[in-house]
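Enquirer: Just so it is clear, I am handing over run.tsv, which has TSV, C-alpha atoms and all ligand atoms.
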```tsv
chain	number	residue	atom	x	y	z
A	1	MET	CA	-14.72	-79.50	-15.96
A	2	THR	CA	-13.52	-77.10	-13.27
A	3	ARG	CA	-10.35	-75.95	-15.07
A	4	ILE	CA	-10.34	-72.71	-17.05
A	5	PRO	CA	-7.18	-72.81	-19.18
A	6	PRO	CA	-5.22	-69.68	-20.14
A	7	GLY	CA	-7.03	-67.85	-22.93
A	8	GLY	CA	-10.30	-67.86	-20.99
A	9	THR	CA	-11.98	-64.88	-19.33
A	10	ILE	CA	-11.86	-64.02	-15.64
A	11	GLY	CA	-14.47	-61.76	-14.07
A	12	ILE	CA	-13.45	-59.78	-10.99
A	13	LEU	CA	-15.93	-58.29	-8.54
A	14	GLY	CA	-14.20	-55.12	-7.39
A	15	GLY	CA	-11.77	-52.90	-9.30
A	16	GLY	CA	-9.57	-51.44	-6.56
A	17	GLN	CA	-5.81	-52.02	-6.33
A	18	LEU	CA	-6.26	-55.68	-5.41
A	19	GLY	CA	-8.42	-56.22	-8.49
A	20	ARG	CA	-5.98	-54.28	-10.62
A	21	LEU	CA	-2.98	-56.38	-9.59
A	22	THR	CA	-5.02	-59.57	-9.99
A	23	ALA	CA	-5.89	-58.40	-13.50
A	24	VAL	CA	-2.21	-57.79	-14.29
A	25	ALA	CA	-1.37	-61.35	-13.18
A	26	ALA	CA	-4.31	-62.74	-15.18
A	27	ARG	CA	-3.19	-60.93	-18.32
A	28	GLN	CA	0.35	-62.22	-17.85
A	29	LEU	CA	-1.13	-65.74	-17.89
A	30	GLY	CA	-3.03	-64.93	-21.07
A	31	TYR	CA	-6.55	-64.43	-19.70
A	32	ARG	CA	-9.05	-61.76	-20.63
A	33	VAL	CA	-10.32	-59.72	-17.68
A	34	ARG	CA	-13.70	-58.12	-17.01
A	35	VAL	CA	-14.38	-56.11	-13.86
A	36	LEU	CA	-17.43	-54.93	-11.97
A	37	ASP	CA	-16.89	-51.86	-9.81
A	38	LEU	CA	-18.81	-48.86	-8.52
A	39	LYS	CA	-16.79	-46.62	-10.83
A	40	SER	CA	-16.01	-47.08	-14.50
A	41	ASP	CA	-12.63	-45.35	-14.00
A	42	CYS	CA	-11.63	-47.59	-11.06
A	43	SER	CA	-8.01	-48.61	-10.46
A	44	ALA	CA	-8.41	-51.88	-12.40
A	45	SER	CA	-10.06	-50.17	-15.39
A	46	ARG	CA	-6.63	-49.32	-16.84
A	47	VAL	CA	-5.70	-52.97	-17.21
A	48	ALA	CA	-9.07	-54.67	-17.73
A	49	ASP	CA	-10.67	-55.47	-21.10
A	50	ALA	CA	-14.03	-54.17	-19.88
A	51	VAL	CA	-15.58	-52.58	-16.80
A	52	ILE	CA	-19.22	-52.53	-15.81
A	53	ALA	CA	-20.06	-49.79	-13.31
A	54	ALA	CA	-22.63	-50.88	-10.73
A	55	PRO	CA	-23.06	-51.43	-6.99
A	56	PHE	CA	-22.00	-54.80	-5.57
A	57	ASP	CA	-25.59	-55.86	-4.91
A	58	ASP	CA	-26.77	-55.18	-8.47
A	59	VAL	CA	-28.00	-58.59	-9.63
A	60	ASP	CA	-28.38	-57.58	-13.30
A	61	ALA	CA	-24.84	-56.21	-13.46
A	62	ALA	CA	-23.48	-59.31	-11.72
A	63	CYS	CA	-25.28	-61.45	-14.32
A	64	TRP	CA	-23.82	-59.35	-17.13
A	65	LEU	CA	-20.33	-60.00	-15.77
A	66	ALA	CA	-20.91	-63.72	-15.19
A	67	ALA	CA	-22.39	-64.19	-18.69
A	68	ARG	CA	-19.15	-62.84	-20.13
A	69	ALA	CA	-16.68	-64.76	-17.93
A	70	ASP	CA	-15.60	-68.39	-17.55
A	71	VAL	CA	-14.96	-67.91	-13.82
A	72	VAL	CA	-15.56	-65.03	-11.43
A	73	THR	CA	-13.47	-64.07	-8.41
A	74	LEU	CA	-13.41	-61.03	-6.16
A	75	GLU	CA	-11.21	-58.49	-4.41
A	76	ILE	CA	-13.82	-57.28	-1.92
A	77	GLU	CA	-16.13	-59.27	0.37
A	78	THR	CA	-19.13	-56.96	0.40
A	79	ILE	CA	-20.92	-58.59	-2.52
A	80	GLY	CA	-24.70	-58.80	-2.12
A	81	ALA	CA	-25.89	-62.37	-1.42
A	82	ASP	CA	-28.36	-62.35	-4.35
A	83	ALA	CA	-25.69	-61.03	-6.71
A	84	ALA	CA	-23.21	-63.71	-5.55
A	85	HIS	CA	-25.75	-66.49	-6.09
A	86	ALA	CA	-26.73	-65.09	-9.48
A	87	VAL	CA	-23.08	-65.06	-10.58
A	88	ASN	CA	-22.54	-68.60	-9.34
A	89	GLN	CA	-25.44	-69.89	-11.46
A	90	ARG	CA	-23.80	-68.59	-14.63
A	91	ALA	CA	-20.08	-69.01	-13.98
A	92	PRO	CA	-18.33	-70.52	-10.95
A	93	LEU	CA	-17.78	-67.88	-8.26
A	94	ARG	CA	-14.49	-68.66	-6.49
A	95	PRO	CA	-14.54	-68.17	-3.51
A	96	GLY	CA	-18.18	-69.26	-3.38
A	97	PRO	CA	-21.32	-67.63	-1.96
A	98	ALA	CA	-21.36	-69.69	1.26
A	99	LEU	CA	-17.86	-68.60	2.31
A	100	LEU	CA	-18.68	-65.01	1.36
A	101	GLU	CA	-21.77	-65.00	3.55
A	102	MET	CA	-19.77	-66.43	6.44
A	103	VAL	CA	-17.05	-63.76	6.34
A	104	GLN	CA	-19.38	-60.82	5.68
A	105	ASP	CA	-20.69	-60.84	9.23
A	106	ARG	CA	-18.08	-60.71	12.02
A	107	ALA	CA	-20.42	-62.47	14.45
A	108	VAL	CA	-21.11	-65.31	12.01
A	109	GLN	CA	-17.40	-65.54	11.19
A	110	ARG	CA	-16.37	-65.70	14.85
A	111	ALA	CA	-19.07	-68.30	15.59
A	112	TRP	CA	-17.79	-70.38	12.65
A	113	LEU	CA	-14.20	-70.15	13.95
A	114	ARG	CA	-15.37	-71.20	17.42
A	115	ASP	CA	-17.45	-74.10	16.09
A	116	HIS	CA	-14.50	-75.36	14.07
A	117	GLY	CA	-12.08	-75.14	16.98
A	118	PHE	CA	-9.85	-72.28	15.77
A	119	PRO	CA	-8.33	-70.09	18.52
A	120	GLN	CA	-9.54	-66.51	19.02
A	121	GLY	CA	-9.75	-63.89	21.77
A	122	PRO	CA	-12.81	-63.38	24.00
A	123	TRP	CA	-15.79	-61.87	22.12
A	124	GLU	CA	-19.58	-61.59	22.19
A	125	ALA	CA	-22.18	-60.58	19.62
A	126	ALA	CA	-24.27	-57.61	20.83
A	127	GLU	CA	-27.17	-55.60	19.44
A	128	GLY	CA	-28.28	-52.43	21.24
A	129	VAL	CA	-26.81	-50.29	24.03
A	130	GLU	CA	-27.71	-52.66	26.88
A	131	ALA	CA	-26.29	-55.70	25.13
A	132	ILE	CA	-23.02	-53.88	24.37
A	133	ALA	CA	-22.68	-52.75	28.00
A	134	ALA	CA	-23.45	-56.24	29.31
A	135	ALA	CA	-20.95	-57.86	26.94
A	136	ALA	CA	-18.25	-55.34	27.93
A	137	ARG	CA	-18.94	-56.05	31.61
A	138	ARG	CA	-18.57	-59.80	31.12
A	139	LEU	CA	-15.46	-59.45	28.92
A	140	GLY	CA	-13.82	-57.02	31.37
A	141	GLY	CA	-11.33	-54.19	30.67
A	142	PRO	CA	-11.21	-52.00	27.55
A	143	CYS	CA	-13.00	-53.49	24.53
A	144	ARG	CA	-13.24	-52.99	20.77
A	145	VAL	CA	-16.78	-52.65	19.48
A	146	LYS	CA	-16.94	-53.50	15.79
A	147	ALA	CA	-19.90	-53.27	13.42
A	148	ALA	CA	-20.75	-56.82	12.42
A	149	ARG	CA	-20.90	-55.89	8.75
A	150	GLY	CA	-18.97	-53.66	6.38
A	151	GLY	CA	-15.95	-52.24	8.27
A	152	TYR	CA	-12.42	-51.86	6.87
A	153	ASP	CA	-9.23	-49.97	7.73
A	154	GLY	CA	-10.57	-49.47	11.25
A	155	ARG	CA	-13.79	-47.85	9.98
A	156	GLY	CA	-16.83	-49.27	11.72
A	157	GLN	CA	-15.09	-49.90	15.00
A	158	THR	CA	-14.47	-48.00	18.21
A	159	ARG	CA	-12.79	-48.44	21.59
A	160	LEU	CA	-14.94	-48.85	24.68
A	161	LEU	CA	-13.02	-48.03	27.84
A	162	ARG	CA	-15.91	-48.56	30.30
A	163	PRO	CA	-19.27	-50.35	29.93
A	164	GLU	CA	-20.98	-47.06	30.89
A	165	ASP	CA	-19.86	-45.59	27.55
A	166	ALA	CA	-21.82	-48.17	25.56
A	167	ARG	CA	-24.34	-45.56	24.38
A	168	LEU	CA	-21.56	-43.57	22.73
A	169	ALA	CA	-20.06	-46.64	21.04
A	170	HIS	CA	-23.49	-47.73	19.84
A	171	ALA	CA	-24.14	-44.27	18.35
A	172	GLU	CA	-20.71	-44.16	16.75
A	173	LEU	CA	-21.49	-47.37	14.87
A	174	GLY	CA	-24.84	-45.95	13.79
A	175	GLY	CA	-26.72	-48.45	15.94
A	176	ALA	CA	-25.58	-51.41	13.84
A	177	PRO	CA	-25.38	-54.95	15.27
A	178	ALA	CA	-21.88	-55.40	16.67
A	179	VAL	CA	-19.23	-57.72	17.97
A	180	VAL	CA	-17.60	-56.75	21.25
A	181	GLU	CA	-14.05	-58.01	21.69
A	182	ARG	CA	-11.75	-57.71	24.67
A	183	GLU	CA	-8.86	-55.40	23.73
A	184	LEU	CA	-5.77	-57.58	23.72
A	185	GLY	CA	-2.16	-56.56	24.41
A	186	LEU	CA	-0.69	-57.59	21.07
A	187	ASP	CA	2.89	-58.87	21.08
A	188	ALA	CA	2.77	-59.03	17.28
A	189	GLU	CA	0.32	-58.89	14.39
A	190	LEU	CA	0.75	-61.56	11.76
A	191	SER	CA	-1.07	-62.72	8.67
A	192	VAL	CA	-0.91	-65.89	6.68
A	193	MET	CA	-2.27	-66.58	3.24
A	194	VAL	CA	-3.45	-69.91	1.93
A	195	ALA	CA	-4.56	-70.94	-1.55
A	196	ARG	CA	-6.80	-73.88	-2.35
A	197	ARG	CA	-8.02	-74.97	-5.77
A	198	PRO	CA	-11.32	-76.73	-6.43
A	199	SER	CA	-9.57	-80.08	-6.83
A	200	GLY	CA	-8.27	-79.76	-3.25
A	201	GLU	CA	-4.57	-78.87	-3.58
A	202	THR	CA	-3.48	-76.26	-1.03
A	203	ALA	CA	-0.40	-74.03	-0.66
A	204	VAL	CA	0.44	-71.72	2.24
A	205	PHE	CA	2.65	-68.63	1.91
A	206	PRO	CA	5.34	-67.63	4.42
A	207	VAL	CA	3.89	-65.63	7.32
A	208	ALA	CA	3.89	-61.81	7.25
A	209	ARG	CA	4.43	-59.55	10.25
A	210	ASN	CA	2.41	-56.32	10.22
A	211	TRP	CA	2.26	-52.92	11.94
A	212	HIS	CA	-0.74	-50.56	11.82
A	213	GLN	CA	-1.09	-46.78	12.22
A	214	ASN	CA	-4.57	-45.44	12.98
A	215	SER	CA	-5.90	-48.95	12.26
A	216	ILE	CA	-4.50	-48.81	8.71
A	217	LEU	CA	-1.68	-51.14	7.67
A	218	ASP	CA	1.53	-49.11	7.73
A	219	VAL	CA	4.42	-51.52	7.18
A	220	SER	CA	4.82	-55.26	6.87
A	221	HIS	CA	7.50	-57.83	6.09
A	222	ILE	CA	7.83	-61.39	4.83
A	223	PRO	CA	9.05	-63.64	6.40
A	224	CYS	CA	7.76	-62.74	9.85
A	225	ALA	CA	11.11	-63.46	11.57
A	226	LEU	CA	9.45	-65.00	14.62
A	227	PRO	CA	10.40	-68.44	16.02
A	228	ASP	CA	9.86	-71.37	13.61
A	229	ALA	CA	7.20	-72.84	15.90
A	230	VAL	CA	5.07	-69.67	15.57
A	231	GLU	CA	5.43	-69.70	11.78
A	232	ALA	CA	4.52	-73.40	11.66
A	233	GLN	CA	1.46	-72.98	13.88
A	234	ALA	CA	0.22	-69.98	11.89
A	235	ARG	CA	0.51	-71.94	8.65
A	236	GLN	CA	-1.27	-74.89	10.21
A	237	ILE	CA	-4.20	-72.68	11.29
A	238	ALA	CA	-4.52	-71.24	7.76
A	239	GLN	CA	-4.38	-74.66	6.15
A	240	GLY	CA	-7.02	-75.95	8.58
A	241	ILE	CA	-9.35	-73.02	7.84
A	242	ALA	CA	-8.95	-73.45	4.06
A	243	GLU	CA	-9.91	-77.10	4.34
A	244	ALA	CA	-12.75	-76.56	6.81
A	245	CYS	CA	-14.41	-73.96	4.55
A	246	ALA	CA	-13.57	-75.82	1.30
A	247	LEU	CA	-11.89	-72.67	-0.01
A	248	GLU	CA	-11.72	-72.10	-3.75
A	249	GLY	CA	-9.30	-69.22	-4.26
A	250	ILE	CA	-7.06	-67.53	-1.70
A	251	LEU	CA	-7.72	-66.54	1.89
A	252	ALA	CA	-5.80	-64.29	4.27
A	253	VAL	CA	-5.97	-65.08	7.98
A	254	GLU	CA	-5.14	-62.12	10.24
A	255	LEU	CA	-3.61	-63.30	13.51
A	256	PHE	CA	-2.74	-61.74	16.85
A	257	TRP	CA	0.20	-63.13	18.81
A	258	VAL	CA	-0.62	-62.60	22.45
A	259	ARG	CA	1.47	-63.99	25.30
A	260	GLY	CA	2.68	-67.00	23.35
A	261	ALA	CA	-0.70	-67.80	21.76
A	262	LEU	CA	-1.88	-67.25	18.18
A	263	LEU	CA	-5.45	-65.94	17.93
A	264	VAL	CA	-7.45	-65.43	14.72
A	265	ASN	CA	-8.62	-61.83	14.25
A	266	GLU	CA	-10.40	-62.06	10.91
A	267	LEU	CA	-10.55	-63.79	7.54
A	268	ALA	CA	-10.41	-62.23	4.07
A	269	PRO	CA	-11.01	-64.59	1.09
A	270	ARG	CA	-9.18	-62.40	-1.45
A	271	PRO	CA	-5.79	-60.77	-2.05
A	272	HIS	CA	-4.60	-58.91	1.03
A	273	ASN	CA	-2.61	-55.73	1.65
A	274	THR	CA	-0.12	-57.64	3.83
A	275	PHE	CA	0.78	-59.99	0.96
A	276	HIS	CA	1.84	-57.41	-1.63
A	277	ALA	CA	5.40	-58.35	-0.67
A	278	THR	CA	4.87	-61.80	-2.26
A	279	SER	CA	5.34	-60.08	-5.64
A	280	LEU	CA	9.09	-60.03	-4.88
A	281	ALA	CA	9.45	-62.28	-1.81
A	282	CYS	CA	7.97	-65.52	-3.15
A	283	GLU	CA	8.24	-67.68	-6.26
A	284	THR	CA	4.59	-66.91	-6.94
A	285	SER	CA	2.74	-63.69	-6.04
A	286	GLN	CA	-0.61	-63.76	-4.24
A	287	PHE	CA	-2.20	-62.45	-7.44
A	288	GLU	CA	-0.85	-65.15	-9.71
A	289	GLN	CA	-1.81	-67.70	-7.06
A	290	LEU	CA	-5.39	-66.42	-7.05
A	291	VAL	CA	-5.59	-66.76	-10.82
A	292	ARG	CA	-4.21	-70.29	-10.65
A	293	ALA	CA	-6.53	-71.30	-7.80
A	294	ALA	CA	-9.65	-69.76	-9.36
A	295	CYS	CA	-8.88	-71.41	-12.70
A	296	ASP	CA	-8.04	-74.75	-11.04
A	297	LEU	CA	-4.49	-74.76	-12.41
A	298	PRO	CA	-1.56	-76.24	-10.45
A	299	LEU	CA	-0.71	-73.86	-7.62
A	300	GLY	CA	2.61	-72.03	-7.79
A	301	SER	CA	5.46	-72.56	-5.34
A	302	THR	CA	5.20	-70.30	-2.30
A	303	ALA	CA	8.91	-70.72	-1.52
A	304	LEU	CA	10.66	-67.66	-0.13
A	305	VAL	CA	13.03	-66.07	-2.63
A	306	ARG	CA	14.29	-63.28	-0.34
A	307	PRO	CA	13.01	-61.08	2.51
A	308	VAL	CA	10.85	-58.15	1.39
A	309	ALA	CA	9.21	-55.29	3.30
A	310	LEU	CA	6.20	-53.19	2.33
A	311	ALA	CA	5.27	-49.60	3.19
A	312	ASN	CA	1.85	-48.29	2.22
A	313	LEU	CA	1.60	-44.88	0.57
A	314	LEU	CA	-1.40	-42.84	1.69
A	315	GLY	CA	-2.87	-39.86	-0.15
A	316	ASP	CA	-1.46	-37.59	2.57
A	317	LEU	CA	1.92	-37.78	0.78
A	318	TRP	CA	0.48	-35.88	-2.17
A	319	ASP	CA	0.58	-32.18	-1.62
A	320	ASP	CA	0.37	-29.82	-4.54
A	321	GLY	CA	1.45	-32.69	-6.71
A	322	PRO	CA	2.95	-36.14	-6.48
A	323	PRO	CA	5.86	-36.73	-4.08
A	324	PRO	CA	9.42	-37.00	-5.50
A	325	PHE	CA	9.33	-40.71	-6.38
A	326	GLU	CA	12.76	-40.55	-8.00
A	327	ARG	CA	14.33	-40.23	-4.55
A	328	ALA	CA	12.85	-43.54	-3.38
A	329	LEU	CA	13.59	-45.25	-6.69
A	330	ALA	CA	17.26	-44.22	-6.41
A	331	ILE	CA	17.67	-46.68	-3.53
A	332	PRO	CA	18.74	-50.10	-4.89
A	333	GLY	CA	16.14	-52.79	-4.19
A	334	VAL	CA	13.19	-50.36	-3.87
A	335	HIS	CA	10.14	-50.78	-6.12
A	336	LEU	CA	7.10	-48.55	-6.57
A	337	TYR	CA	3.48	-49.63	-7.15
A	338	LEU	CA	0.89	-46.92	-7.83
A	339	TYR	CA	-2.80	-47.65	-8.12
A	340	ASP	CA	-4.02	-44.78	-10.36
A	341	LYS	CA	-6.29	-43.63	-7.54
A	342	GLU	CA	-7.10	-40.06	-6.62
A	343	PRO	CA	-4.94	-39.16	-3.59
A	344	ARG	CA	-7.02	-38.35	-0.52
A	345	PRO	CA	-5.94	-38.25	3.15
A	346	GLN	CA	-5.78	-41.73	4.76
A	347	ARG	CA	-6.52	-43.39	1.41
A	348	LYS	CA	-4.16	-46.10	0.17
A	349	VAL	CA	-2.92	-44.99	-3.24
A	350	GLY	CA	0.23	-47.05	-3.65
A	351	HIS	CA	2.97	-48.97	-1.90
A	352	LEU	CA	6.72	-49.43	-1.86
A	353	LEU	CA	8.49	-52.75	-1.62
A	354	ALA	CA	12.13	-53.15	-0.61
A	355	THR	CA	14.30	-56.25	-0.72
A	356	GLY	CA	16.94	-56.99	1.88
A	357	ALA	CA	19.31	-59.68	3.13
A	358	THR	CA	17.13	-59.90	6.26
A	359	PRO	CA	13.57	-58.75	7.04
A	360	GLU	CA	15.02	-56.06	9.31
A	361	GLU	CA	17.25	-54.72	6.54
A	362	ALA	CA	14.31	-54.71	4.09
A	363	MET	CA	12.19	-52.89	6.66
A	364	ASP	CA	14.87	-50.23	7.30
A	365	LYS	CA	15.18	-49.69	3.58
A	366	VAL	CA	11.47	-49.37	2.87
A	367	ARG	CA	11.02	-46.91	5.74
A	368	ARG	CA	13.98	-44.88	4.49
A	369	ALA	CA	12.56	-44.91	0.97
A	370	ARG	CA	9.16	-43.69	2.14
A	371	ALA	CA	10.76	-40.98	4.26
A	372	THR	CA	12.36	-39.53	1.11
A	373	LEU	CA	8.83	-38.88	-0.22
A	374	ALA	CA	7.75	-36.71	2.69
A	375	ARG	CA	7.67	-32.97	2.07
A	376	GLN	CA	10.83	-31.25	3.23
A	377	ASP	CA	10.15	-27.62	4.08
B	1	LIG	N1	-9.42	-57.04	20.05
B	1	LIG	C1	-8.39	-56.26	19.69
B	1	LIG	N2	-7.39	-56.00	20.57
B	1	LIG	C2	-6.35	-55.21	20.21
B	1	LIG	N3	-6.22	-54.63	19.01
B	1	LIG	C3	-7.17	-54.84	18.10
B	1	LIG	C4	-8.31	-55.67	18.38
B	1	LIG	N4	-9.09	-55.70	17.29
B	1	LIG	C5	-8.49	-54.93	16.37
B	1	LIG	N5	-7.34	-54.41	16.82
B	1	LIG	C6	-6.40	-53.53	16.06
B	1	LIG	O1	-7.11	-52.84	15.03
B	1	LIG	C7	-6.69	-53.28	13.72
B	1	LIG	C8	-7.88	-53.37	12.78
B	1	LIG	O2	-8.82	-54.29	13.28
B	1	LIG	P1	-9.64	-55.27	12.33
B	1	LIG	O3	-8.69	-56.03	11.48
B	1	LIG	O4	-10.54	-56.08	13.17
B	1	LIG	O5	-10.50	-54.22	11.53
B	1	LIG	P2	-10.66	-53.87	10.01
B	1	LIG	O6	-11.31	-52.55	9.99
B	1	LIG	O7	-11.31	-55.01	9.35
B	1	LIG	O8	-9.21	-53.69	9.48
B	1	LIG	P3	-8.62	-54.11	8.05
B	1	LIG	O9	-9.67	-53.91	7.04
B	1	LIG	O10	-7.48	-53.15	7.89
B	1	LIG	O11	-8.15	-55.52	8.20
B	1	LIG	C9	-6.02	-54.63	13.99
B	1	LIG	O12	-5.12	-54.97	12.97
B	1	LIG	C10	-5.36	-54.35	15.34
B	1	LIG	O13	-4.21	-53.56	15.19
B	2	MG	MG	-8.07	-56.48	9.82
```
Here is the file; what I need is its structure written in the form of structure tokens.
Ligand SMILES: Nc1ncnc2c1ncn2[C@@H]1O[C@H](COP(=O)(O)OP(=O)(O)OP(=O)(O)O)[C@@H](O)[C@H]1O
Ligand SMILES: [Mg+2]
Expert:
Amino acid sequence: MTRIPPGGTIGILGGGQLGRLTAVAARQLGYRVRVLDLKSDCSASRVADAVIAAPFDDVDAACWLAARADVVTLEIETIGADAAHAVNQRAPLRPGPALLEMVQDRAVQRAWLRDHGFPQGPWEAAEGVEAIAAAARRLGGPCRVKAARGGYDGRGQTRLLRPEDARLAHAELGGAPAVVERELGLDAELSVMVARRPSGETAVFPVARNWHQNSILDVSHIPCALPDAVEAQARQIAQGIAEACALEGILAVELFWVRGALLVNELAPRPHNTFHATSLACETSQFEQLVRAACDLPLGSTALVRPVALANLLGDLWDDGPPPFERALAIPGVHLYLYDKEPRPQRKVGHLLATGATPEEAMDKVRRARATLARQD
């Protein structure tokens, strides 16, 4: 029996904003929620029935969670392999340990994408100064050197303008094994989310278009408003990946659009920052879809309801106190999501969503709304 009907208990590894919003969706569907996170007062703690505070490689804590859940899912990929296996022996971990191991290492992930015929930009795995320099020489031009394990929001990666600077890049990454990628001239950044339940049903969301600032997602909108053929190809890639890895849960595929070609940047088998807009843009949010997929319930419709744009709120907006949210909320069609996180510079602590008749209108509105929050001296 793979189905966990409403009324059951869902365990979530990770209690950040993605875990919190998954917990809200789970509660709406009538589930109990237990969370494992580094901190007992994590973002999800306010909406979970119980939190166990432990590192993500703590096997005993993972077992505690799994013993008290009917199914376990996650909002962060950096779960220790032993902990993931231990969970999976007590309650189904969806997505499973094999997929987790694949995505945890950029080199393994890129090799998997290559072996399964999915398109990506030129890259090489490299360990040590000499290997990084040699890879950069072969790839040609400026490169991105990324730690194979553990990076996010641009942390754990650096630009390499010339192979001779490999020593610096190597030191910056703390000597960790790396992936060297050719730096591509991006015409657009896209992402596409797919859900797949254990019984095999899949559903793909409309494609999002994304813009970053300092390697952190800044704004995004759904739908992507690019030609239909691009949207269709992106969805096909996501569907293909979900089937090839026998996904159980949801998976975001980050894509680069470069001179008419779609290239996979990276995979994230969990809710994704660029799909917050689904809460208003689609019949079913990414969070509800994760609950349905993990519990092997019928997947929800991913049909577009209306265009929606997202703007992230970083801790920098907090000064002596919170910014004047009432100004943003006075704009019709603007909605605020706060994560109950301590505001720190460059830390995501909330987001705004704005609806619009077109993606461009939604985007204008969400930018205008966020601008009202900035300090006006
Ligand atoms: N090879 C590349 N060429 C051009 N730009 C790149 C390349 N790799 C990364 N970038 C830029 O840096 C951003 C972050 O890169 P990436 O997604 O690989 O790292 P990350 O730290 O895992 O980010 P996140 O956790 O936010 O997804 C990309 O969205 C893109 O804007
Ligand atoms: Mg990324």
Enquirer: Counting only C-alpha atoms, what is within 10 Å of range 349-366 of chain A, bar same-chain residues fewer than 3 positions away, as a PyMOL selection string?
Expert: chain A and resi 16-17+43+209+218-225+273+276-281+306-318+328-329+331-346+369-371
Enquirer: List all protein, DNA and RNA residues that have an atom no more than 9 Å from any atom of ligand LIG 1 (chain B), counting all atoms listed in the file, and report them as a PyMOL selection string.
Expert: chain A and resi 106+121-123+142-146+150-157+180-186+189-190+210-217+254-256+265-268+272-273
Enquirer: What separation in Å, quoted to one decimal, exists between CA of Thr22 in chain A and CA of Val291 in chain A?
Expert: 7.3 Å
Enquirer: May I ask for the distance between CA of Asp58 in chain A and CA of Gly175 in chain A, given in Å to one decimal place?
Expert: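 Going from CA of Asp58 in chain A over to CA of Gly175 in chain A covers 25.3 Å.
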Enquirer: Is it possible to get the residues within 12 Å of (7.8, -68.2, 12.9) (coordinates as in the file, counting all atoms listed in the file) written as a count of residues only?
Expert: 26
Enquirer: I'd like to know which of A:Ala136, A:Leu373, A:Val33, A:Ala107 is closest to Pro323 in chain A, using only C-alpha atoms.
Expert: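 The shortest atom-to-atom distance to Pro323 in chain A comes from A:Leu373.
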Enquirer: Write out as a list in words which residues come within 10 Å of His85 in chain A when counting only C-alpha atoms, dropping same-chain ones fewer than 2 positions away.
Expert: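 Returned residues: Val59, Ala62, Cys63, Ile79, Gly80, Ala81, Asp82, Ala83, Val87, Asn88, Gln89, Arg90, Pro92, Leu93, Gly96, Pro97 and Ala98 of chain A.
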Enquirer: Compare A:Leu65, A:Arg114, A:Ala133, A:Glu288 by their minimum atom-to-atom distance to Tyr31 in chain A, counting only C-alpha atoms, and give me the closest one.
Expert: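 With only C-alpha atoms as the atom set, the closest residue is A:Glu288.
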Enquirer: Which of these, A:Ala252, A:Leu13, A:Ala131, A:Cys295, has the shortest distance to ligand MG 2 (chain B) once you count all atoms listed in the file?
Expert: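 Among the listed residues, the smallest separation from ligand MG 2 (chain B) belongs to A:Ala252.
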